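Engineer: Next comes data.cif, mmCIF, C-alpha atoms, pLDDT in the B column; chains and numbers go by the auth columns:
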```
data_input
loop_
_atom_site.group_PDB
_atom_site.id
_atom_site.type_symbol
_atom_site.label_atom_id
_atom_site.label_comp_id
_atom_site.label_asym_id
_atom_site.label_seq_id
_atom_site.Cartn_x
_atom_site.Cartn_y
_atom_site.Cartn_z
_atom_site.B_iso_or_equiv
_atom_site.auth_seq_id
_atom_site.auth_asym_id
ATOM 1 C CA MET A 1 -13.753 -0.408 16.946 61.00 114 A
ATOM 2 C CA ALA A 2 -10.610 -2.218 18.113 62.00 115 A
ATOM 3 C CA ARG A 3 -9.753 -3.184 14.520 64.00 116 A
ATOM 4 C CA ASN A 4 -10.111 0.449 13.430 62.00 117 A
ATOM 5 C CA VAL A 5 -7.671 1.519 16.131 55.00 118 A
ATOM 6 C CA ARG A 6 -5.280 -1.277 15.144 66.00 119 A
ATOM 7 C CA PHE A 7 -5.461 -0.218 11.487 58.00 120 A
ATOM 8 C CA LEU A 8 -4.703 3.403 12.368 53.00 121 A
ATOM 9 C CA GLN A 9 -1.813 2.281 14.578 58.00 122 A
ATOM 10 C CA LEU A 10 -0.333 0.291 11.662 58.00 123 A
ATOM 11 C CA VAL A 11 -0.551 3.324 9.383 53.00 124 A
ATOM 12 C CA ALA A 12 0.996 5.596 12.053 49.00 125 A
ATOM 13 C CA VAL A 13 3.891 3.197 12.745 46.00 126 A
ATOM 14 C CA THR A 14 4.585 2.850 9.024 54.00 127 A
ATOM 15 C CA ILE A 15 4.660 6.640 8.624 51.00 128 A
ATOM 16 C CA LEU A 16 7.113 6.989 11.513 45.00 129 A
ATOM 17 C CA VAL A 17 9.429 4.070 10.690 48.00 130 A
ATOM 18 C CA LEU A 18 9.612 4.245 6.897 49.00 131 A
ATOM 19 C CA PRO A 19 11.736 7.415 6.665 48.00 132 A
ATOM 20 C CA LEU A 20 14.388 5.747 8.824 46.00 133 A
ATOM 21 C CA ALA A 21 14.568 2.800 6.433 49.00 134 A
ATOM 22 C CA LEU A 22 15.159 4.912 3.331 49.00 135 A
ATOM 23 C CA GLY A 23 18.672 5.743 2.187 55.00 136 A
ATOM 24 C CA ASN A 24 19.872 9.217 1.239 53.00 137 A
ATOM 25 C CA ALA A 25 19.670 8.459 -2.499 48.00 138 A
ATOM 26 C CA GLN A 26 15.973 7.698 -2.087 58.00 139 A
ATOM 27 C CA ALA A 27 15.107 10.681 0.102 58.00 140 A
ATOM 28 C CA GLN A 28 13.407 12.494 -2.817 56.00 141 A
ATOM 29 C CA GLU A 29 10.862 9.705 -3.111 56.00 142 A
ATOM 30 C CA GLN A 30 9.999 9.736 0.596 58.00 143 A
ATOM 31 C CA ASP A 31 7.407 12.473 0.099 58.00 144 A
ATOM 32 C CA GLN A 32 5.651 10.395 -2.558 56.00 145 A
ATOM 33 C CA LEU A 33 5.328 7.461 -0.180 59.00 146 A
ATOM 34 C CA ILE A 34 3.817 9.666 2.490 60.00 147 A
ATOM 35 C CA ASP A 35 1.525 11.396 -0.010 74.00 148 A
ATOM 36 C CA CYS A 36 0.017 8.103 -1.258 88.00 149 A
ATOM 37 C CA ARG A 37 -0.880 6.829 2.217 90.00 150 A
ATOM 38 C CA ALA A 38 -4.208 8.658 2.322 92.00 151 A
ATOM 39 C CA GLU A 39 -5.147 7.249 -1.083 94.00 152 A
ATOM 40 C CA ALA A 40 -4.108 3.762 0.049 94.00 153 A
ATOM 41 C CA ALA A 41 -6.321 4.047 3.134 94.00 154 A
ATOM 42 C CA GLN A 42 -9.221 5.205 0.949 94.00 155 A
ATOM 43 C CA GLU A 43 -8.749 2.270 -1.433 92.00 156 A
ATOM 44 C CA ILE A 44 -8.602 -0.194 1.475 92.00 157 A
ATOM 45 C CA ASP A 45 -11.854 1.254 2.804 91.00 158 A
ATOM 46 C CA LYS A 46 -13.412 1.166 -0.680 90.00 159 A
ATOM 47 C CA LEU A 47 -12.567 -2.535 -1.027 88.00 160 A
ATOM 48 C CA GLN A 48 -14.078 -3.154 2.419 87.00 161 A
ATOM 49 C CA VAL A 49 -11.114 -5.210 3.652 87.00 162 A
ATOM 50 C CA GLN A 50 -10.087 -2.861 6.481 86.00 163 A
ATOM 51 C CA PRO A 51 -11.346 -5.199 9.256 89.00 164 A
ATOM 52 C CA HIS A 52 -8.956 -7.904 7.960 90.00 165 A
ATOM 53 C CA VAL A 53 -5.789 -5.771 7.647 94.00 166 A
ATOM 54 C CA LYS A 54 -2.793 -7.214 9.526 94.00 167 A
ATOM 55 C CA ASP A 55 0.059 -5.225 7.979 95.00 168 A
ATOM 56 C CA ILE A 56 0.747 -2.595 5.292 94.00 169 A
ATOM 57 C CA ASP A 57 4.020 -2.216 3.370 93.00 170 A
ATOM 58 C CA TYR A 58 4.860 0.582 0.918 91.00 171 A
ATOM 59 C CA TYR A 59 7.398 0.164 -1.899 89.00 172 A
ATOM 60 C CA VAL A 60 8.564 2.729 -4.437 86.00 173 A
ATOM 61 C CA LYS A 61 8.488 1.341 -8.005 83.00 174 A
ATOM 62 C CA TRP A 62 11.927 2.248 -9.345 79.00 175 A
ATOM 63 C CA VAL A 63 12.491 2.658 -13.093 77.00 176 A
ATOM 64 C CA GLY A 64 15.944 4.148 -12.905 74.00 177 A
ATOM 65 C CA HIS A 65 18.723 4.830 -10.453 70.00 178 A
ATOM 66 C CA ASN A 66 16.930 7.691 -8.703 70.00 179 A
ATOM 67 C CA ARG A 67 13.560 7.794 -10.481 72.00 180 A
ATOM 68 C CA SER A 68 10.287 6.148 -9.567 77.00 181 A
ATOM 69 C CA ASN A 69 7.049 5.701 -11.447 84.00 182 A
ATOM 70 C CA GLY A 70 4.787 5.194 -8.438 89.00 183 A
ATOM 71 C CA VAL A 71 4.187 3.196 -5.299 91.00 184 A
ATOM 72 C CA ASN A 72 3.069 -0.379 -4.639 93.00 185 A
ATOM 73 C CA VAL A 73 1.162 -0.995 -1.428 95.00 186 A
ATOM 74 C CA TRP A 74 1.078 -4.588 -0.158 94.00 187 A
ATOM 75 C CA VAL A 75 -1.649 -5.203 2.426 95.00 188 A
ATOM 76 C CA THR A 76 -1.492 -8.446 4.430 94.00 189 A
ATOM 77 C CA LEU A 77 -4.948 -9.722 5.341 91.00 190 A
ATOM 78 C CA ASP A 78 -6.029 -12.225 7.987 91.00 191 A
ATOM 79 C CA ASN A 79 -8.739 -13.852 5.834 87.00 192 A
ATOM 80 C CA CYS A 80 -6.467 -15.232 3.083 87.00 193 A
ATOM 81 C CA ARG A 81 -2.870 -16.347 2.508 89.00 194 A
ATOM 82 C CA GLY A 82 -1.210 -13.673 0.432 88.00 195 A
ATOM 83 C CA ASP A 83 -1.716 -9.962 0.020 92.00 196 A
ATOM 84 C CA LEU A 84 -3.851 -7.269 -1.506 92.00 197 A
ATOM 85 C CA VAL A 85 -1.675 -5.235 -3.879 93.00 198 A
ATOM 86 C CA ILE A 86 -2.574 -1.655 -4.767 94.00 199 A
ATOM 87 C CA GLU A 87 -0.460 -0.030 -7.484 93.00 200 A
ATOM 88 C CA PHE A 88 -0.305 3.773 -7.668 94.00 201 A
ATOM 89 C CA ASN A 89 1.231 6.027 -10.320 91.00 202 A
ATOM 90 C CA ARG A 90 3.367 9.079 -9.440 87.00 203 A
ATOM 91 C CA ALA A 91 0.202 11.165 -8.939 89.00 204 A
ATOM 92 C CA CYS A 92 -1.055 8.632 -6.339 91.00 205 A
ATOM 93 C CA GLU A 93 -3.852 7.468 -8.635 93.00 206 A
ATOM 94 C CA VAL A 94 -4.773 3.793 -8.481 94.00 207 A
ATOM 95 C CA VAL A 95 -3.421 1.937 -11.510 93.00 208 A
ATOM 96 C CA GLU A 96 -4.746 -1.452 -10.439 91.00 209 A
ATOM 97 C CA THR A 97 -5.578 -3.600 -7.435 90.00 210 A
ATOM 98 C CA TYR A 98 -5.320 -7.362 -7.238 90.00 211 A
ATOM 99 C CA GLY A 99 -5.008 -10.220 -4.836 88.00 212 A
ATOM 100 C CA HIS A 100 -1.645 -11.986 -4.668 84.00 213 A
ATOM 101 C CA GLY A 101 -1.457 -15.630 -3.642 85.00 214 A
ATOM 102 C CA ASP A 102 -4.605 -17.056 -2.094 84.00 215 A
ATOM 103 C CA CYS A 103 -6.056 -13.532 -1.780 84.00 216 A
ATOM 104 C CA GLY A 104 -6.819 -13.545 -5.510 79.00 217 A
ATOM 105 C CA HIS A 105 -10.274 -14.992 -4.910 72.00 218 A
ATOM 106 C CA VAL A 106 -11.016 -12.514 -2.087 65.00 219 A
ATOM 107 C CA ILE A 107 -10.045 -9.291 -3.891 67.00 220 A
ATOM 108 C CA PRO A 108 -11.695 -8.214 -7.140 61.00 221 A
ATOM 109 C CA THR A 109 -9.136 -7.012 -9.676 57.00 222 A
ATOM 110 C CA THR A 110 -9.313 -3.563 -11.264 53.00 223 A
ATOM 111 C CA TYR A 111 -6.734 -4.392 -13.920 45.00 224 A
ATOM 112 C CA GLY A 112 -7.743 -2.907 -17.233 42.00 225 A
ATOM 113 C CA GLN A 113 -10.659 -0.896 -15.850 41.00 226 A
#
```
Written as structure tokens, that's how I'd like the structure from this file.
Structural biologist:
Amino acid sequence: MARNVRFLQLVAVTILVLPLALGNAQAQEQDQLIDCRAEAAQEIDKLQVQPHVKDIDYYVKWVGHNRSNGVNVWVTLDNCRGDLVIEFNRACEVVETYGHGDCGHVIPTTYGQ
């Protein structure tokens, strides 16, 4: 129960702080970051790693000066050294998930599926 509350607190803090970190040129992409958070939470639950979540970071994947092609979500876990990476397209659909660093053996990849 405490881990669930902690997870929800991390998501809430990220939602509140992220808009302050974005510059004016990137303001258009802010909505996309917020929109993909629900899908990221669903994917984290689907992968059953939620009890191990320490931190969540959201990054827009830029392909041009003011154009993105999706969002990368990096999830720091307490049961491995590295991160779970969830890549989303512009429609917030999962493109792939994989473990980065030591988390590669903990997280099954969806690349190519």
Engineer: Which neighbours of range 174-190 of chain A fall inside 6 Å, counting all atoms listed in the file, when residues of the same chain fewer than 6 positions from it are skipped, and could you give them as a list in words?
Structural biologist: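 Using all atoms listed in the file, the neighbours found are His165, Val166, Lys167, Asp168, Asp196, Leu197, Val198, Ile199, Glu200, Phe201, Asn202 and Arg203 of chain A.
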Engineer: Using Å and a single decimal, report how far CA of Asp148 in chain A sits from CA of Gly214 in chain A.
Structural biologist: 27.4 Å
Engineer: Counting only C-alpha atoms, which of A:Val173, A:Cys193, A:Val207, A:Cys216 gets nearest to Lys159 in chain A?
Structural biologist: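 The answer is A:Val207, which sits nearest to Lys159 in chain A.
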Engineer: Quick one: pull the distance between CA of Pro164 in chain A and CA of Asp191 in chain A, Å, one decimal.
Structural biologist: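 We find that CA of Pro164 in chain A and CA of Asp191 in chain A lie 8.9 Å from each other.
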Engineer: Adding 6 Å on each side of the box along x, y and z that holds all listed atoms of range 162-169 of chain A, could you give its centre and edge lengths in Å to one decimal, as JSON?
Structural biologist:
```
{"center_x": -5.3, "center_y": -5.2, "center_z": 6.6, "size_x": 24.1, "size_y": 17.3, "size_z": 17.9}
```
Engineer: Report, in Å with one decimal, the straight-line distance from CA of Ile169 in chain A to CA of Ile157 in chain A.
Structural biologist: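 These atoms are spaced 10.4 Å apart.
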Engineer: Let me make sure I understand: among A:Val162, A:Asp170, A:Gly217, A:Thr210, which one has the smallest atom-to-atom distance to Arg150 in chain A if we use only C-alpha atoms?
Structural biologist: A:Asp170
Engineer: Missing atoms in range 151-166 of chain A should be modelled up to N, CA, C and O atoms and reported as a PDB file, in the frame of the given file.
Structural biologist:
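So the final result, stored in result_3.pdb, reads:
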```pdb
ATOM      1  N   ALA A 151      -2.781   8.329   2.199  1.00 92.00           N
ATOM      2  CA  ALA A 151      -4.208   8.658   2.322  1.00 92.00           C
ATOM      3  C   ALA A 151      -5.006   7.950   1.236  1.00 92.00           C
ATOM      4  O   ALA A 151      -6.083   7.395   1.501  1.00 92.00           O
ATOM      5  N   GLU A 152      -4.471   7.938   0.018  1.00 94.00           N
ATOM      6  CA  GLU A 152      -5.147   7.249  -1.083  1.00 94.00           C
ATOM      7  C   GLU A 152      -5.191   5.747  -0.850  1.00 94.00           C
ATOM      8  O   GLU A 152      -6.174   5.089  -1.193  1.00 94.00           O
ATOM      9  N   ALA A 153      -4.119   5.191  -0.264  1.00 94.00           N
ATOM     10  CA  ALA A 153      -4.108   3.762   0.049  1.00 94.00           C
ATOM     11  C   ALA A 153      -5.181   3.441   1.085  1.00 94.00           C
ATOM     12  O   ALA A 153      -5.916   2.457   0.940  1.00 94.00           O
ATOM     13  N   ALA A 154      -5.290   4.268   2.117  1.00 94.00           N
ATOM     14  CA  ALA A 154      -6.321   4.047   3.134  1.00 94.00           C
ATOM     15  C   ALA A 154      -7.717   4.134   2.530  1.00 94.00           C
ATOM     16  O   ALA A 154      -8.599   3.330   2.862  1.00 94.00           O
ATOM     17  N   GLN A 155      -7.917   5.077   1.613  1.00 94.00           N
ATOM     18  CA  GLN A 155      -9.221   5.205   0.949  1.00 94.00           C
ATOM     19  C   GLN A 155      -9.537   3.968   0.107  1.00 94.00           C
ATOM     20  O   GLN A 155     -10.664   3.485   0.094  1.00 94.00           O
ATOM     21  N   GLU A 156      -8.527   3.451  -0.596  1.00 92.00           N
ATOM     22  CA  GLU A 156      -8.749   2.270  -1.433  1.00 92.00           C
ATOM     23  C   GLU A 156      -9.038   1.042  -0.579  1.00 92.00           C
ATOM     24  O   GLU A 156      -9.889   0.224  -0.919  1.00 92.00           O
ATOM     25  N   ILE A 157      -8.354   0.915   0.548  1.00 92.00           N
ATOM     26  CA  ILE A 157      -8.602  -0.194   1.475  1.00 92.00           C
ATOM     27  C   ILE A 157     -10.038  -0.123   2.000  1.00 92.00           C
ATOM     28  O   ILE A 157     -10.740  -1.125   2.056  1.00 92.00           O
ATOM     29  N   ASP A 158     -10.469   1.081   2.349  1.00 91.00           N
ATOM     30  CA  ASP A 158     -11.854   1.254   2.804  1.00 91.00           C
ATOM     31  C   ASP A 158     -12.843   0.938   1.684  1.00 91.00           C
ATOM     32  O   ASP A 158     -13.857   0.284   1.908  1.00 91.00           O
ATOM     33  N   LYS A 159     -12.539   1.400   0.479  1.00 90.00           N
ATOM     34  CA  LYS A 159     -13.412   1.166  -0.680  1.00 90.00           C
ATOM     35  C   LYS A 159     -13.597  -0.326  -0.952  1.00 90.00           C
ATOM     36  O   LYS A 159     -14.685  -0.780  -1.294  1.00 90.00           O
ATOM     37  N   LEU A 160     -12.516  -1.087  -0.787  1.00 88.00           N
ATOM     38  CA  LEU A 160     -12.567  -2.535  -1.027  1.00 88.00           C
ATOM     39  C   LEU A 160     -13.160  -3.298   0.159  1.00 88.00           C
ATOM     40  O   LEU A 160     -13.334  -4.505   0.094  1.00 88.00           O
ATOM     41  N   GLN A 161     -13.439  -2.591   1.231  1.00 87.00           N
ATOM     42  CA  GLN A 161     -14.078  -3.154   2.419  1.00 87.00           C
ATOM     43  C   GLN A 161     -13.284  -4.312   3.036  1.00 87.00           C
ATOM     44  O   GLN A 161     -13.846  -5.304   3.502  1.00 87.00           O
ATOM     45  N   VAL A 162     -11.960  -4.185   3.040  1.00 87.00           N
ATOM     46  CA  VAL A 162     -11.114  -5.210   3.652  1.00 87.00           C
ATOM     47  C   VAL A 162     -10.470  -4.712   4.941  1.00 87.00           C
ATOM     48  O   VAL A 162      -9.748  -5.456   5.597  1.00 87.00           O
ATOM     49  N   GLN A 163     -10.723  -3.478   5.323  1.00 86.00           N
ATOM     50  CA  GLN A 163     -10.087  -2.861   6.481  1.00 86.00           C
ATOM     51  C   GLN A 163     -10.175  -3.701   7.749  1.00 86.00           C
ATOM     52  O   GLN A 163      -9.193  -3.805   8.470  1.00 86.00           O
ATOM     53  N   PRO A 164     -11.305  -4.380   8.030  1.00 89.00           N
ATOM     54  CA  PRO A 164     -11.346  -5.199   9.256  1.00 89.00           C
ATOM     55  C   PRO A 164     -10.353  -6.364   9.253  1.00 89.00           C
ATOM     56  O   PRO A 164     -10.029  -6.905  10.297  1.00 89.00           O
ATOM     57  N   HIS A 165      -9.853  -6.751   8.076  1.00 90.00           N
ATOM     58  CA  HIS A 165      -8.956  -7.904   7.960  1.00 90.00           C
ATOM     59  C   HIS A 165      -7.481  -7.511   7.815  1.00 90.00           C
ATOM     60  O   HIS A 165      -6.629  -8.384   7.645  1.00 90.00           O
ATOM     61  N   VAL A 166      -7.164  -6.229   7.861  1.00 94.00           N
ATOM     62  CA  VAL A 166      -5.789  -5.771   7.647  1.00 94.00           C
ATOM     63  C   VAL A 166      -4.896  -6.159   8.833  1.00 94.00           C
ATOM     64  O   VAL A 166      -5.203  -5.857   9.975  1.00 94.00           O
TER      65      VAL A 166
END
```
